[in-house]
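K.L.:
Structure file run.pdb (PDB, C-alpha atoms, pLDDT in the B column) right here:
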ATOM      1  CA  MET A1484      17.227  -5.330 -91.724  1.00 47.00           C
ATOM      2  CA  MET A1485      17.954  -1.776 -90.642  1.00 55.00           C
ATOM      3  CA  ARG A1486      17.284   0.967 -93.184  1.00 62.00           C
ATOM      4  CA  ALA A1487      20.335   3.182 -93.318  1.00 63.00           C
ATOM      5  CA  VAL A1488      19.840   6.916 -93.201  1.00 66.00           C
ATOM      6  CA  THR A1489      21.934   8.104 -96.082  1.00 58.00           C
ATOM      7  CA  ASN A1490      21.712  11.883 -95.959  1.00 74.00           C
ATOM      8  CA  GLU A1491      20.975  14.828 -93.697  1.00 81.00           C
ATOM      9  CA  PRO A1492      17.504  15.599 -95.126  1.00 87.00           C
ATOM     10  CA  GLU A1493      16.439  12.014 -94.425  1.00 91.00           C
ATOM     11  CA  ALA A1494      17.979  12.189 -90.935  1.00 93.00           C
ATOM     12  CA  LEU A1495      16.001  15.380 -90.271  1.00 95.00           C
ATOM     13  CA  VAL A1496      12.760  13.699 -91.370  1.00 95.00           C
ATOM     14  CA  VAL A1497      13.345  10.714 -89.090  1.00 97.00           C
ATOM     15  CA  ALA A1498      14.303  12.989 -86.192  1.00 97.00           C
ATOM     16  CA  LEU A1499      11.190  15.120 -86.733  1.00 97.00           C
ATOM     17  CA  GLN A1500       9.079  11.962 -86.700  1.00 97.00           C
ATOM     18  CA  ALA A1501      10.717  10.980 -83.414  1.00 98.00           C
ATOM     19  CA  LEU A1502      10.046  14.446 -81.998  1.00 97.00           C
ATOM     20  CA  GLY A1503       6.390  14.181 -83.014  1.00 97.00           C
ATOM     21  CA  ALA A1504       6.085  10.756 -81.399  1.00 98.00           C
ATOM     22  CA  THR A1505       7.805  12.031 -78.268  1.00 97.00           C
ATOM     23  CA  LEU A1506       5.391  14.930 -77.996  1.00 96.00           C
ATOM     24  CA  SER A1507       2.357  12.746 -78.687  1.00 96.00           C
ATOM     25  CA  ASP A1508       2.766  11.108 -75.276  1.00 96.00           C
ATOM     26  CA  ASP A1509       2.005  13.566 -72.460  1.00 96.00           C
ATOM     27  CA  ARG A1510       4.331  11.909 -69.945  1.00 96.00           C
ATOM     28  CA  ARG A1511       7.260  11.776 -72.396  1.00 97.00           C
ATOM     29  CA  ALA A1512       6.616  15.318 -73.601  1.00 96.00           C
ATOM     30  CA  GLN A1513       6.567  16.714 -70.079  1.00 96.00           C
ATOM     31  CA  ARG A1514       9.757  14.858 -69.170  1.00 96.00           C
ATOM     32  CA  LEU A1515      11.462  16.260 -72.280  1.00 96.00           C
ATOM     33  CA  LEU A1516      10.430  19.797 -71.369  1.00 95.00           C
ATOM     34  CA  ASP A1517      11.391  19.358 -67.719  1.00 95.00           C
ATOM     35  CA  MET A1518      14.762  17.761 -68.394  1.00 92.00           C
ATOM     36  CA  SER A1519      15.780  20.014 -71.290  1.00 90.00           C
ATOM     37  CA  GLY A1520      14.548  23.293 -69.841  1.00 91.00           C
ATOM     38  CA  ILE A1521      13.187  24.257 -73.246  1.00 91.00           C
ATOM     39  CA  ASP A1522       9.776  25.872 -73.325  1.00 91.00           C
ATOM     40  CA  PRO A1523       7.066  24.866 -75.822  1.00 92.00           C
ATOM     41  CA  SER A1524       7.307  28.048 -77.909  1.00 93.00           C
ATOM     42  CA  ASP A1525      11.086  27.702 -78.274  1.00 92.00           C
ATOM     43  CA  LEU A1526      10.603  24.042 -79.160  1.00 93.00           C
ATOM     44  CA  ARG A1527       8.184  25.020 -81.937  1.00 92.00           C
ATOM     45  CA  GLN A1528      10.570  27.664 -83.281  1.00 94.00           C
ATOM     46  CA  ARG A1529      13.579  25.319 -83.278  1.00 94.00           C
ATOM     47  CA  ALA A1530      11.833  22.086 -84.311  1.00 92.00           C
ATOM     48  CA  SER A1531      13.917  21.714 -87.484  1.00 91.00           C
ATOM     49  CA  ASP A1532      17.248  22.604 -85.826  1.00 94.00           C
ATOM     50  CA  PRO A1533      19.576  19.573 -86.154  1.00 94.00           C
ATOM     51  CA  THR A1534      21.140  20.338 -82.765  1.00 94.00           C
ATOM     52  CA  LEU A1535      17.763  20.305 -81.045  1.00 95.00           C
ATOM     53  CA  LEU A1536      16.681  17.159 -82.874  1.00 96.00           C
ATOM     54  CA  ALA A1537      19.904  15.385 -81.885  1.00 96.00           C
ATOM     55  CA  ALA A1538      19.230  16.405 -78.276  1.00 95.00           C
ATOM     56  CA  VAL A1539      15.730  14.931 -78.470  1.00 96.00           C
ATOM     57  CA  LEU A1540      17.153  11.661 -79.760  1.00 97.00           C
ATOM     58  CA  ARG A1541      19.777  11.724 -76.998  1.00 97.00           C
ATOM     59  CA  PHE A1542      16.934  12.241 -74.501  1.00 97.00           C
ATOM     60  CA  LEU A1543      15.222   9.127 -75.862  1.00 97.00           C
ATOM     61  CA  GLU A1544      18.448   7.140 -75.705  1.00 97.00           C
ATOM     62  CA  ALA A1545      18.749   7.980 -72.012  1.00 96.00           C
ATOM     63  CA  HIS A1546      15.537   6.042 -71.275  1.00 95.00           C
ATOM     64  CA  GLU A1547      15.439   2.860 -73.327  1.00 96.00           C
ATOM     65  CA  PRO A1548      11.675   2.208 -72.927  1.00 97.00           C
ATOM     66  CA  ASP A1549      10.972   5.576 -74.562  1.00 97.00           C
ATOM     67  CA  LEU A1550      13.539   4.943 -77.300  1.00 98.00           C
ATOM     68  CA  VAL A1551      11.942   1.589 -78.103  1.00 98.00           C
ATOM     69  CA  ALA A1552       8.387   2.976 -77.946  1.00 98.00           C
ATOM     70  CA  VAL A1553       9.144   5.928 -80.226  1.00 98.00           C
ATOM     71  CA  ALA A1554      11.069   3.756 -82.686  1.00 98.00           C
ATOM     72  CA  GLU A1555       8.115   1.362 -82.916  1.00 98.00           C
ATOM     73  CA  GLU A1556       5.683   4.244 -83.295  1.00 98.00           C
ATOM     74  CA  ILE A1557       7.528   5.651 -86.309  1.00 97.00           C
ATOM     75  CA  GLY A1558       8.344   2.281 -87.850  1.00 96.00           C
ATOM     76  CA  ARG A1559      12.065   2.325 -87.160  1.00 96.00           C
ATOM     77  CA  LYS A1560      14.470   0.333 -85.036  1.00 97.00           C
ATOM     78  CA  PRO A1561      16.034   1.933 -81.955  1.00 97.00           C
ATOM     79  CA  GLU A1562      19.456   1.527 -83.557  1.00 96.00           C
ATOM     80  CA  GLU A1563      18.296   3.671 -86.459  1.00 95.00           C
ATOM     81  CA  LEU A1564      17.396   6.508 -84.121  1.00 97.00           C
ATOM     82  CA  VAL A1565      20.840   6.279 -82.542  1.00 96.00           C
ATOM     83  CA  ALA A1566      22.405   6.365 -86.021  1.00 95.00           C
ATOM     84  CA  VAL A1567      20.314   9.413 -86.935  1.00 96.00           C
ATOM     85  CA  ARG A1568      21.469  11.208 -83.792  1.00 96.00           C
ATOM     86  CA  THR A1569      25.064  10.395 -84.680  1.00 94.00           C
ATOM     87  CA  ALA A1570      24.549  11.704 -88.229  1.00 93.00           C
ATOM     88  CA  LEU A1571      22.998  14.929 -86.958  1.00 94.00           C
ATOM     89  CA  GLU A1572      25.890  15.517 -84.567  1.00 92.00           C
ATOM     90  CA  ALA A1573      28.532  14.945 -87.259  1.00 87.00           C
TER
END
I'd like the structure from this file rewritten - as C-alpha cells, please.
P.N.:
Amino acid sequence: MMRAVTNEPEALVVALQALGATLSDDRRAQRLLDMSGIDPSDLRQRASDPTLLAAVLRFLEAHEPDLVAVAEEIGRKPEELVAVRTALEA
C-alpha cells in the first residue's frame, strides 16, 4: 500500500531523499546537471527549494528507469514520488 504524503514538510523530506539518491549515481547526477543547466553550487544553495525539488522529481519522471531506481533506493513507490511532485507544485 502506498504511504500518502500528508503535508509539505514530509513532501520536502521525501523530495530531498530523492535528490540525494539522484546525486548518488554519477550518470544520473550528470544528466540532471546537463539537462537542467543548474550548476553544483546553485544546486547546493537551493536544495531545500520546493520548486527545485519538484523539478528534480519531474526530471526523474521523464526517465522511468531512474524514477523506479530512485524510488526503490529511498523505500518508496514511483507513484509516491509523482504525488510528492504534485504536492510541491500545488
K.L.:
Could you give me, as a list in words, the residues within 9 Å of segment 1542-1554 of chain A, counting only C-alpha atoms and dropping anything in the same chain fewer than 4 positions from it?
P.N.:
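The residues satisfying every condition are Gln1500, Ala1501, Leu1502, Ala1504, Thr1505, Arg1511, Leu1515, Met1518, Ser1519, Ala1537, Ala1538, Gly1558, Arg1559, Lys1560, Pro1561, Glu1562, Glu1563, Leu1564 and Val1565 of chain A.
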K.L.:
Carefully work through the PyMOL selection byres ((chain A and resi 1573) around 12) for this structure and note down the residues it includes, as a compact mmCIF listing (two decimals) with C-alpha atoms, in the coordinates of the input.
P.N.:
# COMPACT_ATOMS: atom_id res chain seq x y z
CA ASN A 1490 21.71 11.88 -95.96
CA GLU A 1491 20.98 14.83 -93.70
CA ALA A 1494 17.98 12.19 -90.94
CA PRO A 1533 19.58 19.57 -86.15
CA THR A 1534 21.14 20.34 -82.76
CA ALA A 1537 19.90 15.38 -81.89
CA ALA A 1566 22.40 6.36 -86.02
CA VAL A 1567 20.31 9.41 -86.94
CA ARG A 1568 21.47 11.21 -83.79
CA THR A 1569 25.06 10.40 -84.68
CA ALA A 1570 24.55 11.70 -88.23
CA LEU A 1571 23.00 14.93 -86.96
CA GLU A 1572 25.89 15.52 -84.57
K.L.:
Quick one, how far is atom CA of Ala1512 of chain A from atom CA of Glu1556 of chain A?
P.N.:
14.7 Å
K.L.:
Quick one: pull the distance between atom CA of Leu1495 of chain A and atom CA of Ser1531 of chain A, Å, one decimal.
P.N.:
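Separation of atom CA of Leu1495 of chain A and atom CA of Ser1531 of chain A: 7.2 Å.
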K.L.:
Can you measure atom CA of Ala1498 of chain A to atom CA of Leu1540 of chain A for me? One decimal in Å is fine.
P.N.:
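We find that atom CA of Ala1498 of chain A and atom CA of Leu1540 of chain A lie 7.2 Å from each other.
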